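Pasting target_0.cif here (mmCIF, C-alpha atoms):
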```
data_final
loop_
_atom_site.label_atom_id
_atom_site.label_comp_id
_atom_site.auth_asym_id
_atom_site.auth_seq_id
_atom_site.Cartn_x
_atom_site.Cartn_y
_atom_site.Cartn_z
CA MET T 1 116.36 51.00 213.19
CA ALA T 2 116.39 47.62 214.92
CA LYS T 3 119.47 46.67 216.90
CA ASN T 4 121.68 43.88 215.63
CA PRO T 5 120.67 40.55 217.21
CA THR T 6 123.16 38.48 219.17
CA PRO T 7 125.09 35.89 217.10
CA ARG T 8 123.08 33.04 218.63
CA ARG T 9 119.76 34.74 218.04
CA ALA T 10 120.75 35.77 214.53
CA ALA T 11 121.70 32.17 213.73
CA ALA T 12 118.36 30.91 215.06
CA GLN T 13 116.45 33.51 213.05
CA GLN T 14 118.36 32.66 209.90
CA LEU T 15 117.72 28.94 210.35
CA ALA T 16 113.99 29.70 210.61
CA SER T 17 114.19 31.70 207.40
CA LEU T 18 116.00 28.90 205.60
CA ARG T 19 113.42 26.34 206.77
CA ALA T 20 110.67 28.58 205.38
CA ALA T 21 112.55 28.62 202.08
CA GLY T 22 112.69 24.82 202.07
CA VAL T 23 116.28 24.36 203.23
CA THR T 24 116.57 21.10 205.12
CA ARG T 25 120.27 20.42 204.64
CA VAL T 26 123.37 22.16 203.34
CA SER T 27 124.88 20.58 200.25
CA ARG T 28 128.43 20.76 198.92
CA SER T 29 127.09 20.89 195.38
CA THR T 30 128.00 23.87 193.22
CA ARG T 31 125.12 23.61 190.78
CA VAL T 32 124.12 27.27 191.26
CA GLN T 33 126.75 29.92 190.71
CA VAL T 34 125.88 33.43 191.86
CA VAL T 35 127.37 36.11 189.63
CA PRO T 36 129.11 39.19 191.12
CA PRO T 37 126.85 42.20 191.75
CA GLU T 38 128.51 44.23 188.99
CA ARG T 39 127.16 41.70 186.49
CA ALA T 40 123.61 41.91 187.80
CA ARG T 41 121.17 43.18 185.21
CA GLU T 42 120.05 46.83 185.50
CA THR T 43 116.31 46.51 184.82
CA THR T 44 115.34 50.11 185.31
CA ASN T 45 117.23 51.10 182.16
CA ALA T 46 116.27 48.06 180.09
CA PRO T 47 114.86 48.84 176.64
CA ARG T 48 111.25 48.01 175.95
CA GLY T 49 110.69 45.11 173.59
CA THR T 50 108.55 45.16 170.49
CA ASP T 51 108.05 41.55 169.39
CA ALA T 52 104.35 40.73 169.57
CA LEU T 53 102.57 37.65 170.79
CA SER T 54 99.43 36.93 168.81
CA GLN T 55 97.19 36.45 171.86
CA ASP T 56 93.54 37.36 171.20
CA SER T 57 93.14 41.14 171.47
CA ALA T 58 95.87 41.62 174.06
CA SER T 59 98.95 43.58 173.11
CA ALA T 60 102.30 42.10 174.02
CA ALA T 61 105.95 43.00 174.29
CA THR T 62 109.09 40.94 174.53
CA CYS T 63 111.34 42.09 177.34
CA PRO T 64 115.01 41.22 177.77
CA SER T 65 115.55 37.93 179.51
CA ALA T 66 117.96 37.47 182.40
CA GLY T 67 121.65 38.19 182.06
CA PRO T 68 124.36 35.52 182.36
CA SER T 69 122.90 32.15 183.36
CA LEU T 70 123.23 31.22 187.01
CA LEU T 71 122.92 27.54 186.17
CA GLU T 72 125.45 25.13 184.76
CA THR T 73 122.77 22.87 183.33
CA ASN T 74 119.88 23.30 180.91
CA ARG T 75 117.14 24.76 183.07
CA SER T 76 114.36 23.26 180.97
CA GLY T 77 115.68 19.80 181.78
CA LEU T 78 115.95 20.12 185.57
CA SER T 79 114.20 17.53 187.69
CA ARG T 80 112.17 18.52 190.75
CA VAL T 81 114.98 17.39 193.04
CA GLU T 82 117.50 19.50 191.10
CA ARG T 83 115.24 22.54 191.29
CA GLU T 84 114.73 22.07 195.04
CA GLU T 85 118.46 21.69 195.58
CA GLY T 86 119.22 24.75 193.49
CA LEU T 87 116.67 26.86 195.39
CA ARG T 88 118.13 25.70 198.71
CA GLU T 89 121.60 26.74 197.65
CA VAL T 90 120.48 30.17 196.46
CA ALA T 91 118.53 30.60 199.73
CA LEU T 92 121.73 29.92 201.65
CA ARG T 93 123.54 32.60 199.67
CA VAL T 94 120.69 35.03 200.26
CA ALA T 95 120.80 34.31 203.99
CA ALA T 96 124.45 35.37 204.12
CA CYS T 97 124.06 38.39 201.82
CA THR T 98 125.03 41.81 203.22
CA ARG T 99 125.32 43.81 200.00
CA CYS T 100 122.61 46.24 201.16
CA GLN T 101 124.09 47.06 204.55
CA GLU T 102 121.11 49.10 205.75
CA LEU T 103 118.72 46.24 205.01
CA ALA T 104 121.07 43.60 206.43
CA ARG T 105 121.41 45.50 209.71
CA ALA T 106 117.67 46.06 210.11
CA ARG T 107 116.30 42.68 209.05
CA THR T 108 115.19 39.93 211.39
CA GLN T 109 115.86 37.39 208.66
CA THR T 110 115.86 37.13 204.89
CA VAL T 111 112.66 36.20 203.06
CA PHE T 112 113.51 34.02 200.06
CA GLY T 113 110.51 32.41 198.38
CA VAL T 114 107.95 29.69 198.89
CA GLY T 115 105.87 27.30 196.83
CA ASN T 116 106.05 24.65 194.17
CA PRO T 117 109.55 24.41 192.60
CA GLU T 118 107.86 23.22 189.40
CA ALA T 119 105.12 25.87 189.46
CA GLU T 120 103.58 26.93 186.18
CA ILE T 121 102.82 30.36 187.69
CA MET T 122 105.20 32.56 189.69
CA PHE T 123 103.97 35.62 191.59
CA VAL T 124 106.49 38.43 192.17
CA GLY T 125 105.84 41.19 194.70
CA GLU T 126 108.05 44.06 195.80
CA ALA T 127 109.53 43.38 199.26
CA PRO T 128 108.82 41.72 202.62
CA GLY T 129 106.80 43.57 205.25
CA ALA T 130 106.89 43.29 209.02
CA ASP T 131 105.02 39.95 209.14
CA GLU T 132 107.22 38.47 206.43
CA ASP T 133 110.39 39.70 208.12
CA ARG T 134 109.24 38.06 211.34
CA GLN T 135 108.15 34.73 209.82
CA GLY T 136 110.65 34.41 206.96
CA GLU T 137 108.00 33.72 204.31
CA PRO T 138 106.60 36.06 201.63
CA PHE T 139 102.98 37.22 201.68
CA VAL T 140 101.89 36.01 205.14
CA GLY T 141 100.34 39.25 206.42
CA ALA T 142 97.01 40.83 205.50
CA ALA T 143 98.08 41.23 201.85
CA GLY T 144 99.12 37.58 201.81
CA GLN T 145 95.76 36.46 203.13
CA LEU T 146 94.08 38.42 200.35
CA LEU T 147 96.44 36.83 197.81
CA ASN T 148 95.39 33.42 199.12
CA ARG T 149 91.72 34.30 198.50
CA ILE T 150 92.57 35.51 194.99
CA LEU T 151 94.31 32.19 194.30
CA GLU T 152 91.37 30.21 195.66
CA ALA T 153 88.90 32.13 193.50
CA SER T 154 91.15 31.37 190.52
CA LYS T 155 91.03 27.62 191.21
CA LEU T 156 94.59 27.66 192.53
CA LYS T 157 96.20 26.80 195.84
CA ARG T 158 99.20 28.51 197.41
CA SER T 159 101.05 25.20 197.08
CA ASP T 160 100.42 25.23 193.31
CA VAL T 161 102.35 28.44 192.65
CA TYR T 162 105.71 29.97 193.57
CA ILE T 163 105.82 33.31 195.40
CA CYS T 164 108.76 35.68 195.87
CA ASN T 165 109.67 39.38 195.85
CA ILE T 166 112.02 41.81 194.14
CA LEU T 167 113.84 42.16 197.51
CA ARG T 168 114.57 39.47 200.09
CA CYS T 169 114.98 41.90 203.01
CA ARG T 170 112.42 44.27 204.47
CA PRO T 171 113.09 47.95 203.67
CA PRO T 172 112.83 50.25 206.71
CA GLY T 173 109.31 51.57 207.12
CA ASN T 174 108.13 49.38 204.24
CA ARG T 175 109.41 51.95 201.75
CA ASN T 176 109.84 51.01 198.09
CA PRO T 177 113.08 49.25 197.10
CA LEU T 178 115.85 51.58 196.00
CA PRO T 179 117.34 50.96 192.53
CA ASP T 180 120.68 49.74 193.89
CA GLU T 181 118.91 47.40 196.33
CA ALA T 182 116.87 45.89 193.51
CA ALA T 183 120.03 45.52 191.41
CA ASN T 184 121.88 43.82 194.28
CA CYS T 185 119.04 41.34 194.71
CA ARG T 186 118.33 40.81 191.01
CA GLU T 187 120.55 37.78 190.48
CA TYR T 188 118.66 35.92 193.22
CA LEU T 189 115.36 36.66 191.48
CA ASP T 190 116.81 35.56 188.15
CA ALA T 191 118.04 32.34 189.76
CA GLN T 192 114.57 31.62 191.15
CA ILE T 193 113.01 32.22 187.74
CA GLU T 194 115.57 29.98 186.03
CA LEU T 195 115.17 27.17 188.53
CA VAL T 196 111.37 27.19 188.77
CA ASP T 197 111.11 27.93 185.03
CA PRO T 198 107.47 29.13 185.16
CA ALA T 199 105.28 29.42 182.11
CA TYR T 200 103.68 32.56 183.58
CA ILE T 201 104.92 35.33 185.87
CA VAL T 202 102.45 37.65 187.58
CA CYS T 203 103.93 41.02 188.60
CA LEU T 204 102.08 42.26 191.67
CA GLY T 205 102.33 46.03 191.54
CA SER T 206 104.36 48.60 189.65
CA VAL T 207 107.59 47.95 191.60
CA ALA T 208 107.65 44.33 190.44
CA ALA T 209 106.74 45.25 186.87
CA LYS T 210 109.34 48.02 186.65
CA ASN T 211 112.15 45.91 188.04
CA LEU T 212 111.38 42.70 186.17
CA LEU T 213 110.44 44.16 182.80
CA GLY T 214 112.19 47.52 182.87
CA LEU T 215 108.92 49.32 182.13
CA ALA T 216 107.97 52.60 183.83
CA ASP T 217 104.28 52.51 182.87
CA SER T 218 101.64 52.38 185.58
CA ILE T 219 99.86 49.12 186.32
CA GLY T 220 96.73 50.64 184.83
CA LYS T 221 98.52 50.83 181.47
CA LEU T 222 100.17 47.41 181.77
CA ARG T 223 97.02 45.46 182.69
CA GLY T 224 95.34 43.31 180.05
CA ARG T 225 98.56 42.72 178.12
CA LEU T 226 100.98 39.81 177.83
CA PHE T 227 104.72 40.45 178.00
CA GLN T 228 107.48 37.92 177.39
CA TYR T 229 110.35 37.35 179.80
CA GLY T 230 112.51 34.44 178.70
CA ARG T 231 110.02 31.70 177.98
CA ALA T 232 107.50 33.02 180.52
CA LYS T 233 104.46 35.10 179.65
CA VAL T 234 104.10 38.00 182.08
CA VAL T 235 100.85 39.50 183.38
CA CYS T 236 100.77 42.67 185.51
CA THR T 237 98.15 43.49 188.11
CA TYR T 238 97.70 45.42 191.34
CA HIS T 239 99.51 44.40 194.53
CA PRO T 240 97.20 42.92 197.20
CA ALA T 241 98.34 45.66 199.60
CA TYR T 242 96.94 48.21 197.15
CA LEU T 243 93.62 46.38 197.18
CA LEU T 244 93.45 46.67 200.97
CA ARG T 245 93.60 50.46 200.55
CA ASN T 246 91.47 50.54 197.39
CA PRO T 247 88.88 47.73 197.54
CA ALA T 248 87.24 48.92 194.32
CA ALA T 249 90.29 47.68 192.39
CA LYS T 250 89.55 44.07 193.36
CA LYS T 251 87.30 43.75 190.31
CA ASP T 252 90.27 44.74 188.11
CA VAL T 253 92.48 42.06 189.66
CA TRP T 254 89.71 39.52 189.12
CA GLU T 255 89.61 40.50 185.44
CA ASP T 256 93.40 40.10 185.29
CA MET T 257 93.21 36.63 186.83
CA LYS T 258 90.50 35.63 184.36
CA PHE T 259 92.74 36.95 181.58
CA LEU T 260 95.66 34.86 182.86
CA MET T 261 93.64 31.70 183.36
CA ARG T 262 91.94 32.08 179.99
CA ASP T 263 95.36 32.07 178.35
CA ARG T 264 95.98 28.80 180.19
CA GLY T 265 92.74 27.41 178.77
CA ILE T 266 90.71 27.78 181.97
CA ASP T 267 87.46 29.79 181.97
CA LEU T 268 86.71 31.45 185.30
CA SER T 269 83.72 33.43 184.03
CA SER T 270 81.37 30.55 184.80
CA LYS T 271 82.12 30.71 188.54
#
```
How would this structure read if it were set down as structure tokens?
Amino acid sequence: MAKNPTPRRAAAQQLASLRAAGVTRVSRSTRVQVVPPERARETTNAPRGTDALSQDSASAATCPSAGPSLLETNRSGLSRVEREEGLREVALRVAACTRCQELARARTQTVFGVGNPEAEIMFVGEAPGADEDRQGEPFVGAAGQLLNRILEASKLKRSDVYICNILRCRPPGNRNPLPDEAANCREYLDAQIELVDPAYIVCLGSVAAKNLLGLADSIGKLRGRLFQYGRAKVVCTYHPAYLLRNPAAKKDVWEDMKFLMRDRGIDLSSK
């Protein structure tokens, strides 16, 4: 496990992480209120929904939305400036978080989120890797480069979407997040979803799908279906890191992106 950095180095690393998350100044505002960890939603035990969306031939399920609101205002009415400010404030809280002591001791810096605060599409992965821990931004390593190519093929830019993870600290050895770690970090994810208020959420991999939706099914069984989380439609597909190990699955992700974009009224089949 990495040694604890000196206070000066730790402060410099955390400032770099906050800049990557879009923090340019610290505000005294209290727009975002982080709830105590005991009130964080336990997604792994969440019941599966049954309300259907009539979307072509795709099956759908309605999953429980977030727990107590982290916002004092109506999220659907937030301006871009208010969303940016809210995300900055949550990023500051994340930067100071030590709930998961093992992760807090081992991290170089926290990895909050990046992208358009008014994004229509939010991508959710599982946790930062070594490159992300070093740079303070999600999806910047080999898997991130592949995600960028997937976005480009889907007529999207990285600046069009919002990208984050289930965890905001790198797990040792890039292991999967533990249930209590995901629960400790859940309110930060819920705050990002509330503030960005996306119309679509793309779960990258089974860890993201399980923790967001509370579903234990494999990605193979979740693909090609629309789920509902709050007002957002949710699509599940393979994590880019999985594609690096299993290139044959790239065609499945392409089908998932065409499925997503078709629901948005954009036909990618003519490319």
For each of T:Ala127, T:Pro198, T:Ala182, T:Ser154, take the minimum atom-to-atom distance to T:Phe259, counting all atoms listed in the file, then give the residue where this is smallest.
T:Ser154
Compare T:Lys155, T:Arg93, T:Gly113, T:Met122 by their minimum atom-to-atom distance to T:Asp267, counting only C-alpha atoms, and give me the closest one.
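Checking each of T:Lys155, T:Arg93, T:Gly113, T:Met122 against T:Asp267, counting only C-alpha atoms, the winner is T:Lys155.
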I need the residue set behind the PyMOL selection byres ((chain T and resi 261) around 12) for this file; please write it as a PyMOL selection string.
chain T and resi 120-121+151+153-156+199-200+202+233+235+254-260+262-269
Quick one: which residues end up in the PyMOL selection byres ((chain T and resi 158-162) around 6) for this structure, as a list in words?
Val114, Gly115, Asn116, Ala119, Ile121, Met122, Lys157 and Ile163 of chain T
For T:Thr98, the nearest of the candidates T:Pro172, T:Asn184, T:Ser218, T:Glu137, counting all atoms listed in the file:
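Nearest candidate to T:Thr98 out of T:Pro172, T:Asn184, T:Ser218, T:Glu137: T:Asn184.
Counting from atom CA of T:Gly86, the distance to atom CA of T:Ala183 is 20.9 Å.
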Please compute the atom CA of T:Asn246-atom CA of T:Leu147 distance, one decimal, in Å.
14.6 Å
Find the distance between atom CA of T:Asp190 and atom CA of T:Tyr229 and write it in Å to one decimal.
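Here the two named atoms are 10.7 Å from each other.
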As lines of an AutoDock Vina configuration file, what would the box around stretch 120-135 of chain T look like: edges along x, y and z, 4 Å added on every side, centre and edge lengths in Å to one decimal?
```
center_x = 106.6
center_y = 35.5
center_z = 198.8
size_x = 15.6
size_y = 25.1
size_z = 33.2
```
Tell me which of T:Asn148, T:Asp252, T:Cys164, T:Cys236 sits closest to T:Phe112, counting only C-alpha atoms.
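For T:Phe112, the nearest of the given residues is T:Cys164.
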